[in-house]
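Dumped input-v4.pdb below, it's PDB, C-alpha atoms:
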ATOM      1  CA  MET A 477      10.058 -15.106  -1.742
ATOM      2  CA  PRO A 478       7.337 -13.310  -3.713
ATOM      3  CA  ILE A 479       3.763 -14.472  -3.558
ATOM      4  CA  SER A 480       1.622 -13.985  -6.644
ATOM      5  CA  CYS A 481      -2.130 -13.886  -6.458
ATOM      6  CA  GLU A 482      -5.057 -13.044  -8.655
ATOM      7  CA  LEU A 483      -7.626 -10.545  -7.449
ATOM      8  CA  ALA A 484     -10.698 -11.470  -9.455
ATOM      9  CA  ASP A 485     -12.754  -8.437  -8.516
ATOM     10  CA  LEU A 486     -13.107  -5.492  -6.110
ATOM     11  CA  PRO A 487     -14.183  -7.689  -3.165
ATOM     12  CA  ALA A 488     -10.943  -9.676  -3.559
ATOM     13  CA  THR A 489      -8.897  -6.462  -3.520
ATOM     14  CA  LYS A 490     -10.820  -5.317  -0.446
ATOM     15  CA  HIS A 491     -10.160  -8.669   1.244
ATOM     16  CA  LEU A 492      -6.403  -8.354   0.654
ATOM     17  CA  ALA A 493      -6.413  -4.759   1.958
ATOM     18  CA  GLU A 494      -8.304  -5.814   5.090
ATOM     19  CA  LEU A 495      -5.930  -8.731   5.785
ATOM     20  CA  LEU A 496      -2.891  -6.481   5.492
ATOM     21  CA  ALA A 497      -4.528  -3.676   7.490
ATOM     22  CA  ASP A 498      -5.192  -6.152  10.319
ATOM     23  CA  SER A 499      -1.455  -6.920  10.466
ATOM     24  CA  ALA A 500      -0.229  -3.348   9.955
ATOM     25  CA  LYS A 501       1.334  -1.382  12.764
ATOM     26  CA  GLU A 502       2.803   2.053  13.312
ATOM     27  CA  GLY A 503       6.042   2.496  11.373
ATOM     28  CA  ASP A 504       5.116   0.138   8.527
ATOM     29  CA  VAL A 505       5.770   1.103   4.925
ATOM     30  CA  ILE A 506       3.705  -0.436   2.138
ATOM     31  CA  ALA A 507       4.834   0.292  -1.411
ATOM     32  CA  LEU A 508       2.230   0.107  -4.192
ATOM     33  CA  ALA A 509       3.848  -0.313  -7.599
ATOM     34  CA  GLY A 510       2.303  -0.780 -11.023
ATOM     35  CA  PRO A 511       1.090   1.127 -14.054
ATOM     36  CA  ILE A 512      -1.742   3.650 -14.102
ATOM     37  CA  GLY A 513      -5.055   1.867 -13.635
ATOM     38  CA  ALA A 514      -3.558  -1.265 -12.067
ATOM     39  CA  GLY A 515      -5.422  -0.892  -8.754
ATOM     40  CA  LYS A 516      -2.986   0.914  -6.449
ATOM     41  CA  THR A 517      -5.351   3.684  -5.354
ATOM     42  CA  THR A 518      -8.283   1.274  -5.051
ATOM     43  CA  PHE A 519      -6.212  -0.905  -2.725
ATOM     44  CA  ALA A 520      -5.154   2.178  -0.736
ATOM     45  CA  ARG A 521      -8.780   3.283  -0.284
ATOM     46  CA  PHE A 522      -9.780  -0.152   1.001
ATOM     47  CA  PHE A 523      -6.751  -0.255   3.335
ATOM     48  CA  ILE A 524      -7.470   3.211   4.765
ATOM     49  CA  THR A 525     -11.097   2.272   5.377
ATOM     50  CA  ALA A 526      -9.999  -1.002   7.016
ATOM     51  CA  VAL A 527      -7.979   0.848   9.688
ATOM     52  CA  GLY A 528     -11.086   2.747  10.710
ATOM     53  CA  TYR A 529     -11.231   5.876   8.573
ATOM     54  CA  ASP A 530     -14.880   6.351   7.636
ATOM     55  CA  GLU A 531     -14.900   9.376   5.319
ATOM     56  CA  ASP A 532     -14.233   9.729   1.579
ATOM     57  CA  VAL A 533     -10.688   8.815   0.490
ATOM     58  CA  PRO A 534      -9.654  10.850  -2.565
ATOM     59  CA  SER A 535      -6.502  10.174  -4.560
ATOM     60  CA  PRO A 536      -3.581  12.286  -3.300
ATOM     61  CA  THR A 537      -2.261  12.902  -6.833
ATOM     62  CA  PHE A 538      -2.771  16.669  -6.698
ATOM     63  CA  ASN A 539      -1.432  17.205  -3.156
ATOM     64  CA  LEU A 540       1.023  14.269  -3.316
ATOM     65  CA  VAL A 541       0.201  13.283   0.287
ATOM     66  CA  GLN A 542      -2.933  12.887   2.392
ATOM     67  CA  VAL A 543      -3.103  11.932   6.068
ATOM     68  CA  TYR A 544      -5.983   9.853   7.422
ATOM     69  CA  GLU A 545      -6.634   9.462  11.144
ATOM     70  CA  GLY A 546      -8.220   6.027  11.411
ATOM     71  CA  ALA A 547      -9.710   4.566  14.574
ATOM     72  CA  ARG A 548      -6.784   2.114  14.833
ATOM     73  CA  LEU A 549      -3.940   3.745  12.884
ATOM     74  CA  THR A 550      -2.963   6.917  11.084
ATOM     75  CA  VAL A 551      -2.231   6.363   7.391
ATOM     76  CA  TRP A 552      -0.013   8.656   5.332
ATOM     77  CA  HIS A 553      -0.853   8.097   1.658
ATOM     78  CA  PHE A 554       1.781   9.343  -0.789
ATOM     79  CA  ASP A 555       1.250   9.448  -4.558
ATOM     80  CA  LEU A 556       4.670  10.200  -6.010
ATOM     81  CA  TYR A 557       3.724  10.169  -9.685
ATOM     82  CA  ARG A 558       4.575  13.871 -10.040
ATOM     83  CA  LEU A 559       7.728  13.757  -7.890
ATOM     84  CA  GLU A 560      10.682  15.093  -9.868
ATOM     85  CA  ARG A 561      13.572  14.094  -7.577
ATOM     86  CA  PRO A 562      13.728  11.415  -4.870
ATOM     87  CA  ASP A 563      14.882  13.874  -2.181
ATOM     88  CA  GLU A 564      11.632  15.852  -2.592
ATOM     89  CA  ILE A 565      10.019  13.142  -0.464
ATOM     90  CA  TYR A 566      11.492  14.832   2.622
ATOM     91  CA  GLU A 567       9.591  18.046   1.838
ATOM     92  CA  LEU A 568       6.377  15.998   1.983
ATOM     93  CA  GLY A 569       6.992  14.870   5.576
ATOM     94  CA  VAL A 570       7.958  11.257   4.953
ATOM     95  CA  GLU A 571      10.115  11.083   8.092
ATOM     96  CA  GLN A 572       7.137  12.153  10.211
ATOM     97  CA  ALA A 573       4.983   9.588   8.391
ATOM     98  CA  TYR A 574       7.427   6.794   9.265
ATOM     99  CA  GLU A 575       7.185   7.707  12.954
ATOM    100  CA  GLU A 576       3.459   8.409  13.273
ATOM    101  CA  GLY A 577       1.621   5.780  11.289
ATOM    102  CA  VAL A 578       1.511   3.454   8.324
ATOM    103  CA  THR A 579       2.964   4.857   5.121
ATOM    104  CA  LEU A 580       1.388   3.877   1.783
ATOM    105  CA  VAL A 581       3.528   4.887  -1.191
ATOM    106  CA  GLU A 582       2.208   4.815  -4.748
ATOM    107  CA  TRP A 583       4.963   5.003  -7.382
ATOM    108  CA  PRO A 584       7.696   3.938  -4.890
ATOM    109  CA  GLU A 585      10.292   3.748  -7.657
ATOM    110  CA  ARG A 586      10.285   7.580  -7.646
ATOM    111  CA  MET A 587      11.958   7.413  -4.211
ATOM    112  CA  GLY A 588      14.991   5.642  -5.650
ATOM    113  CA  ASP A 589      17.398   4.559  -2.903
ATOM    114  CA  LEU A 590      15.344   6.490  -0.310
ATOM    115  CA  LEU A 591      12.689   3.749  -0.130
ATOM    116  CA  PRO A 592      13.280   1.951   3.196
ATOM    117  CA  ALA A 593      14.580  -1.612   3.118
ATOM    118  CA  ASP A 594      11.874  -2.710   5.582
ATOM    119  CA  VAL A 595       8.902  -2.532   3.237
ATOM    120  CA  LEU A 596       5.978  -4.581   2.015
ATOM    121  CA  MET A 597       6.028  -4.305  -1.781
ATOM    122  CA  LEU A 598       2.799  -4.888  -3.689
ATOM    123  CA  SER A 599       3.261  -4.863  -7.455
ATOM    124  CA  PHE A 600      -0.088  -4.570  -9.244
ATOM    125  CA  LYS A 601      -0.796  -5.523 -12.851
ATOM    126  CA  PRO A 602      -4.068  -5.346 -14.753
ATOM    127  CA  GLY A 603      -5.757  -8.687 -15.295
ATOM    128  CA  LEU A 604      -7.742 -10.023 -18.210
ATOM    129  CA  SER A 605     -10.964  -8.232 -17.289
ATOM    130  CA  GLU A 606     -11.538  -4.621 -16.238
ATOM    131  CA  ARG A 607     -11.927  -5.556 -12.547
ATOM    132  CA  GLU A 608      -9.302  -8.328 -12.346
ATOM    133  CA  ARG A 609      -5.839  -7.574 -10.993
ATOM    134  CA  LYS A 610      -2.694  -9.542 -10.371
ATOM    135  CA  VAL A 611      -0.448  -8.661  -7.465
ATOM    136  CA  ASP A 612       3.022  -9.843  -6.477
ATOM    137  CA  ILE A 613       3.724  -9.477  -2.759
ATOM    138  CA  ILE A 614       7.301  -9.224  -1.511
ATOM    139  CA  ALA A 615       7.799  -8.926   2.245
ATOM    140  CA  SER A 616      10.993  -7.724   3.877
ATOM    141  CA  GLY A 617      12.026  -6.783   7.391
ATOM    142  CA  GLY A 618       9.241  -6.970   9.966
ATOM    143  CA  TRP A 619       6.680  -7.920   7.339
ATOM    144  CA  GLU A 620       8.380 -11.268   6.766
ATOM    145  CA  ASP A 621       7.565 -12.347  10.314
ATOM    146  CA  ARG A 622       3.969 -11.132  10.216
ATOM    147  CA  LEU A 623       3.066 -12.576   6.837
ATOM    148  CA  ASN A 624       3.245 -16.131   8.030
ATOM    149  CA  THR A 625       2.023 -19.218   6.245
ATOM    150  CA  ASP A 626      -1.512 -18.776   7.585
ATOM    151  CA  MET A 627      -1.796 -15.241   6.195
ATOM    152  CA  PHE A 628      -0.299 -16.326   2.862
ATOM    153  CA  SER A 629      -2.905 -19.062   2.572
ATOM    154  CA  ARG A 630      -5.689 -16.555   3.375
ATOM    155  CA  ILE A 631      -4.320 -14.170   0.729
ATOM    156  CA  LEU A 632      -4.077 -16.890  -1.882
ATOM    157  CA  GLY A 633      -7.549 -18.112  -0.973
ATOM    158  CA  SER A 634      -9.081 -14.698  -1.766
TER
END
Now that the file is in, can you turn its structure into structure tokens?
Amino acid sequence: MPISCELADLPATKHLAELLADSAKEGDVIALAGPIGAGKTTFARFFITAVGYDEDVPSPTFNLVQVYEGARLTVWHFDLYRLERPDEIYELGVEQAYEEGVTLVEWPERMGDLLPADVLMLSFKPGLSERERKVDIIASGGWEDRLNTDMFSRILGS
């Protein structure tokens, strides 16, 4: 069942990223969907920082993938906006990413049927103001167990 929440500002987006980073574990896939400017990369930066990476986090748009060795987890951040065919994801090392850390995927629809079934889907939409965002959260697989009622209430309370 999807959960919808409003992220009123950057601190609210950071709060959501930190909550999810606290529950993330090696092998997790988090898909970040939404139009350009909806907050996907901002969320990713906050998430990467929350797992203990303390350097600058640029957007991976040019390289398509960046790897961040955090104190707690390694994060593979894919930006698939320029991907032409779903099977190109294998050339970017996605299988290694699945085994070695948490995988963040911007533009997951570009993976087509290659997006794993066990995924946490965050669908971002711009809000009424420049800083406000709306996000729909759909958990499947292992995420369903971890995103329990307590975490949902903390997310909705952000």
Distance query range 584-593 of chain A at most 7 Å, only C-alpha atoms, self and fewer than 3 positions along chain excluded, as a list in words: Ala507, Leu508, Ala509, Leu556, Leu559, Pro562 and Val581 of chain A
Gly515 in chain A environment, 12 Å, all atoms listed in the file, sequence neighbours closer than 2 positions dropped, as an MDAnalysis selection string: chainID A and resid 483:486 488:490 493 508:513 517:522 535 582 598:603 606:611
Nearby residues (all atoms listed in the file) at most 6 Å from Gly546 in chain A, same-chain spacing under 2 positions excluded, as a ChimeraX atom specification: /A:527-529,544,548-550
For this structure, which residues satisfy the selection - the PyMOL selection byres ((chain A and resi 570) around 10) - when it is evaluated on the file as given? I want them as a PDB file with C-alpha atoms, in the coordinates of the input.
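The file below, selection21.pdb, is the result:
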ATOM      1  CA  VAL A 541       0.201  13.283   0.287  1.00  0.00           C
ATOM      2  CA  TRP A 552      -0.013   8.656   5.332  1.00  0.00           C
ATOM      3  CA  HIS A 553      -0.853   8.097   1.658  1.00  0.00           C
ATOM      4  CA  PHE A 554       1.781   9.343  -0.789  1.00  0.00           C
ATOM      5  CA  GLU A 564      11.632  15.852  -2.592  1.00  0.00           C
ATOM      6  CA  ILE A 565      10.019  13.142  -0.464  1.00  0.00           C
ATOM      7  CA  TYR A 566      11.492  14.832   2.622  1.00  0.00           C
ATOM      8  CA  GLU A 567       9.591  18.046   1.838  1.00  0.00           C
ATOM      9  CA  LEU A 568       6.377  15.998   1.983  1.00  0.00           C
ATOM     10  CA  GLY A 569       6.992  14.870   5.576  1.00  0.00           C
ATOM     11  CA  GLU A 571      10.115  11.083   8.092  1.00  0.00           C
ATOM     12  CA  GLN A 572       7.137  12.153  10.211  1.00  0.00           C
ATOM     13  CA  ALA A 573       4.983   9.588   8.391  1.00  0.00           C
ATOM     14  CA  TYR A 574       7.427   6.794   9.265  1.00  0.00           C
ATOM     15  CA  GLU A 575       7.185   7.707  12.954  1.00  0.00           C
ATOM     16  CA  GLU A 576       3.459   8.409  13.273  1.00  0.00           C
ATOM     17  CA  THR A 579       2.964   4.857   5.121  1.00  0.00           C
ATOM     18  CA  VAL A 581       3.528   4.887  -1.191  1.00  0.00           C
TER      19      VAL A 581
END
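Matched in the shown structure by the PyMOL selection byres ((chain A and resi 496) around 10): Lys490, His491, Leu492, Ala493, Glu494, Leu495, Ala497, Asp498, Ser499, Ala500, Lys501, Ile506, Phe523, Ala526, Val527, Leu596, Trp619, Arg622, Leu623, Met627 and Ile631 of chain A.
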Separation of CA of Glu545 in chain A from CA of Val595 in chain A, in Å and rounded to one decimal: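 CA of Val595 in chain A lies 21.2 Å from CA of Glu545 in chain A.
Here CA of Ile614 in chain A stands at a distance of 12.3 Å from CA of Val505 in chain A.
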Of the listed residues A:Glu620, A:Asp612, A:Asp594, A:Asp504, that which approaches Ser480 in chain A most closely, counting only C-alpha atoms: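 Of the candidates, the smallest distance to Ser480 in chain A is held by A:Asp612.
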Could you give me the axis-aligned bounding box of range 596-605 of chain A, with 4 Å of padding per side, as centre plus edge lengths in Å to one decimal, as JSON?
{"center_x": -2.5, "center_y": -7.2, "center_z": -8.1, "size_x": 25.0, "size_y": 13.7, "size_z": 28.2}
Of the listed residues A:Gly503, A:Ile613, A:Met597, A:Leu540, that which approaches Glu560 in chain A most closely, counting all atoms listed in the file: A:Leu540
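The space between CA of Val551 in chain A and CA of Phe538 in chain A spans 17.5 Å.
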